[in-house]
Amino acid sequence: MTHALRELDLETLPVEEFMRRCALPVSPETIEGTAELVAWFVRRYPTAQARFAYIRRARARVLR
Amino acid sequence: MRRLYHPRGLTDVRPRARRGKESYVHDSLKRVQVDEFDEEAFIAALSRVRALLIGRRALIALGLPVLTADYDVWLHIDDIEALNAELAPLDLLPNRSPAEARRAGRYVLENGEHVDVFVARAIPTVDGVSVAFDDLWTRRQAVAYSPKADIVIPSIEDLILTKRFGGRKRDIADIEYLEALKSRRP
């Protein structure tokens with residue numbers, strides 16, 4: 001992740017805009033996609049220890 | 001460059017990026033090997049005090065593959081000394097005394113890893129809702145970290161509240177993930 005992207009990721013929004021976006025309903029596609037993603041991640045890495053290790057490796061790849 | 005005080009008189013001033021898989025520091029004339037961060041011992045230490053893992057680590061524990069580098073912990077304000085004592089053998093060193101941490105509401109533990117520790121009794125969300133540690137602690141859940149240790153995290157509903165502390169763009173995505181996860185749970 002580049003510095004600029006990281007800055008964007010951590011950018012703070014005005015409170016009204018933040019709360020407006022938080023209140024938006026989650027689409028059925030997002031619910032389904034999230035469920036599939038979680039099912040894959042938990043099946044592939046059954047413990048939180050294994051999931052943390054995967055994220056460490058993934059982050060190292062992104063920062064390379 | 002930041003220098004970390006080491007209780008046994010060892011100091012490693014090199015940025016983590018410049019260390020190898022193992023790092024070496026000098027103790028008088030001896031060369032001492034410092035092990036990599038023992039995450040399992042860290043998680044086990046957290047489980048011996050009133051501490052909740054929050055932030056993106058908690059999302060990962062729940063099975064959401066999001067990127068993060070740090071650990072965020074919300075600790076009961078009376079357990080600062082106990083946690084520091086638990087983590088001293090791992091060389092995780094506080095940047096503030098317990099009294100200073102209580103005044104500031106937070107402190108940092110570091111040894112190359114970075115742990116943000118929140119110790120306020122309550123933290124407001126960006127829209128002014130006061131979130132109390134004691135309430136989250138009552139509704140906490142445990143997630144298996146390994147066959148030997150569990151991670152203690154807030155309920156999904158409470159994690160969503162903690163994601164409203166900062167008002168960052170990335171928190172909105174995390175809240176959306178958590179809402180999606182919540183909607184699929186009984």
# chains A, B, ... in the order shown; residues from 1 in each chain; ligands from 1
$ closest_atom_pairs --of "chain B" --to "chain A" --cutoff "8 Å" --atoms "only C-alpha atoms" --output "Markdown table"
| residue | atom | partner | partner_atom | distance |
| --- | --- | --- | --- | --- |
| B:Glu40 | CA | A:Gln49 | CA | 7.7 |
| B:Arg57 | CA | A:Phe52 | CA | 7.7 |
| B:Ile60 | CA | A:Arg51 | CA | 6.7 |
| B:Ala61 | CA | A:Ala48 | CA | 4.9 |
| B:Leu62 | CA | A:Ala48 | CA | 7.8 |
| B:Gly63 | CA | A:Val38 | CA | 5.0 |
| B:Leu64 | CA | A:Val38 | CA | 5.6 |
| B:Pro65 | CA | A:Phe41 | CA | 6.9 |
| B:Val66 | CA | A:Ile55 | CA | 7.4 |
| B:Leu67 | CA | A:Ile55 | CA | 6.2 |
| B:Thr68 | CA | A:Arg59 | CA | 7.4 |
| B:Ala69 | CA | A:Arg56 | CA | 7.5 |
| B:Val126 | CA | A:Val15 | CA | 6.3 |
| B:Asp127 | CA | A:Val15 | CA | 6.7 |
| B:Val143 | CA | A:Ala48 | CA | 7.5 |
| B:Ala144 | CA | A:Thr47 | CA | 6.1 |
| B:Tyr145 | CA | A:Ala48 | CA | 4.4 |
| B:Ser146 | CA | A:Thr47 | CA | 5.7 |
| B:Gly166 | CA | A:Thr12 | CA | 7.3 |
| B:Gly167 | CA | A:Thr12 | CA | 5.5 |
| B:Arg168 | CA | A:Thr12 | CA | 4.1 |
| B:Lys169 | CA | A:Glu11 | CA | 5.8 |
| B:Arg170 | CA | A:Asp9 | CA | 5.4 |
| B:Ile172 | CA | A:Cys22 | CA | 6.0 |
| B:Ile175 | CA | A:Cys22 | CA | 7.1 |
| B:Glu176 | CA | A:Val26 | CA | 6.5 |
| B:Tyr177 | CA | A:Thr34 | CA | 6.5 |
| B:Glu179 | CA | A:Val26 | CA | 7.1 |
| B:Ala180 | CA | A:Ile31 | CA | 4.5 |
| B:Leu181 | CA | A:Ala35 | CA | 6.7 |
| B:Ser183 | CA | A:Ile31 | CA | 7.5 |
| B:Arg184 | CA | A:Ala35 | CA | 7.5 |
$ write_last_selection --atoms "N, CA and C atoms" --output "compact mmCIF listing (two decimals), in the first residue's frame"
# COMPACT_ATOMS: atom_id res chain seq x y z
N GLU B 40 1.37 -15.76 20.74
CA GLU B 40 0.53 -16.64 21.55
C GLU B 40 0.65 -16.28 23.04
N ARG B 57 -7.90 -6.32 14.35
CA ARG B 57 -7.54 -7.67 14.82
C ARG B 57 -8.78 -8.46 15.23
N ILE B 60 -10.45 -9.74 12.17
CA ILE B 60 -9.74 -10.91 11.63
C ILE B 60 -10.06 -12.14 12.48
N ALA B 61 -10.11 -11.96 13.78
CA ALA B 61 -10.45 -13.09 14.66
C ALA B 61 -11.82 -13.65 14.29
N LEU B 62 -12.73 -12.78 13.88
CA LEU B 62 -14.08 -13.22 13.50
C LEU B 62 -14.12 -13.82 12.09
N GLY B 63 -13.02 -13.73 11.35
CA GLY B 63 -12.98 -14.34 10.03
C GLY B 63 -13.03 -13.36 8.87
N LEU B 64 -12.86 -12.08 9.15
CA LEU B 64 -12.86 -11.08 8.08
C LEU B 64 -11.42 -10.77 7.68
N PRO B 65 -11.04 -11.03 6.43
CA PRO B 65 -9.65 -10.81 6.01
C PRO B 65 -9.35 -9.35 5.68
N VAL B 66 -9.07 -8.55 6.69
CA VAL B 66 -8.71 -7.14 6.50
C VAL B 66 -7.26 -6.92 6.96
N LEU B 67 -6.62 -5.93 6.36
CA LEU B 67 -5.21 -5.69 6.69
C LEU B 67 -5.04 -4.82 7.92
N THR B 68 -4.06 -5.14 8.74
CA THR B 68 -3.69 -4.28 9.85
C THR B 68 -2.26 -4.62 10.28
N ALA B 69 -1.64 -3.67 10.98
CA ALA B 69 -0.28 -3.91 11.46
C ALA B 69 -0.23 -3.96 12.98
N VAL B 126 -18.14 9.25 17.53
CA VAL B 126 -18.09 10.58 16.88
C VAL B 126 -19.41 11.32 16.99
N ASP B 127 -20.52 10.56 17.14
CA ASP B 127 -21.82 11.22 17.27
C ASP B 127 -22.27 11.31 18.72
N VAL B 143 -13.08 -16.08 21.14
CA VAL B 143 -12.80 -16.71 19.85
C VAL B 143 -11.53 -17.53 20.02
N ALA B 144 -11.52 -18.74 19.48
CA ALA B 144 -10.32 -19.59 19.63
C ALA B 144 -9.15 -18.97 18.89
N TYR B 145 -8.08 -18.69 19.62
CA TYR B 145 -6.85 -18.21 18.97
C TYR B 145 -6.02 -19.41 18.51
N SER B 146 -5.91 -20.38 19.42
CA SER B 146 -5.15 -21.60 19.16
C SER B 146 -5.77 -22.66 20.05
N GLY B 166 -13.60 6.68 15.70
CA GLY B 166 -12.65 7.48 14.93
C GLY B 166 -13.22 8.25 13.77
N GLY B 167 -14.30 7.75 13.17
CA GLY B 167 -14.91 8.44 12.04
C GLY B 167 -14.06 8.40 10.77
N ARG B 168 -13.24 7.34 10.64
CA ARG B 168 -12.39 7.25 9.44
C ARG B 168 -13.12 6.53 8.32
N LYS B 169 -12.66 6.79 7.10
CA LYS B 169 -13.26 6.14 5.93
C LYS B 169 -13.22 4.62 6.07
N ARG B 170 -12.10 4.12 6.53
CA ARG B 170 -11.97 2.68 6.55
C ARG B 170 -12.89 2.05 7.61
N ILE B 172 -15.95 2.80 7.99
CA ILE B 172 -17.25 2.58 7.34
C ILE B 172 -17.26 1.20 6.67
N ILE B 175 -17.51 -1.40 9.36
CA ILE B 175 -18.87 -1.46 9.92
C ILE B 175 -19.79 -2.24 8.96
N GLU B 176 -19.59 -2.00 7.67
CA GLU B 176 -20.41 -2.71 6.68
C GLU B 176 -20.16 -4.22 6.75
N TYR B 177 -18.88 -4.59 6.88
CA TYR B 177 -18.55 -6.03 7.04
C TYR B 177 -19.20 -6.60 8.29
N GLU B 179 -21.82 -5.46 9.95
CA GLU B 179 -23.29 -5.51 9.81
C GLU B 179 -23.68 -6.74 8.97
N ALA B 180 -22.91 -6.99 7.91
CA ALA B 180 -23.20 -8.15 7.07
C ALA B 180 -23.04 -9.44 7.86
N LEU B 181 -21.98 -9.50 8.65
CA LEU B 181 -21.71 -10.69 9.47
C LEU B 181 -22.83 -10.89 10.50
N SER B 183 -25.89 -9.91 10.32
CA SER B 183 -27.18 -10.28 9.73
C SER B 183 -27.26 -11.77 9.42
N ARG B 184 -26.11 -12.44 9.34
CA ARG B 184 -26.11 -13.88 9.05
C ARG B 184 -26.03 -14.73 10.30
$ residues_around --residues "B:Arg106" --least-positions-apart "3" --cutoff "6 Å" --atoms "only C-alpha atoms" --output "compact mmCIF listing (two decimals) with N, CA and C atoms, in the first residue's frame"
# COMPACT_ATOMS: atom_id res chain seq x y z
N ALA B 101 -0.95 7.11 32.03
CA ALA B 101 -1.89 6.43 31.13
C ALA B 101 -3.33 6.68 31.57
N VAL B 117 -3.16 0.75 23.70
CA VAL B 117 -3.97 0.31 24.83
C VAL B 117 -4.85 1.48 25.28
N PHE B 118 -6.15 1.28 25.21
CA PHE B 118 -7.11 2.29 25.69
C PHE B 118 -7.51 1.91 27.11
N VAL B 119 -7.50 2.88 28.01
CA VAL B 119 -7.80 2.56 29.41
C VAL B 119 -8.90 3.45 29.98
$ residues_around --residues "stretch 148-150 of chain B" --least-positions-apart "6" --cutoff "9 Å" --atoms "only C-alpha atoms" --output "PyMOL selection string"
(chain A and resi 48) or (chain B and resi 40-41+43-44+47+142)
$ atom_distance --atom1 "atom CA of B:Leu178" --atom2 "atom CA of B:Gln141"
14.7 Å
$ select_by_dssp --residues "chain A" --states "helix (DSSP H, G or I)" --output "ChimeraX atom specification"
/A:3-9,15-22,28-44,48-63
$ residues_around --residues "B:Leu161" --least-positions-apart "3" --cutoff "10 Å" --atoms "only C-alpha atoms" --output "PyMOL selection string"
chain B and resi 124-126+129-131+136+154-158+164-165+175
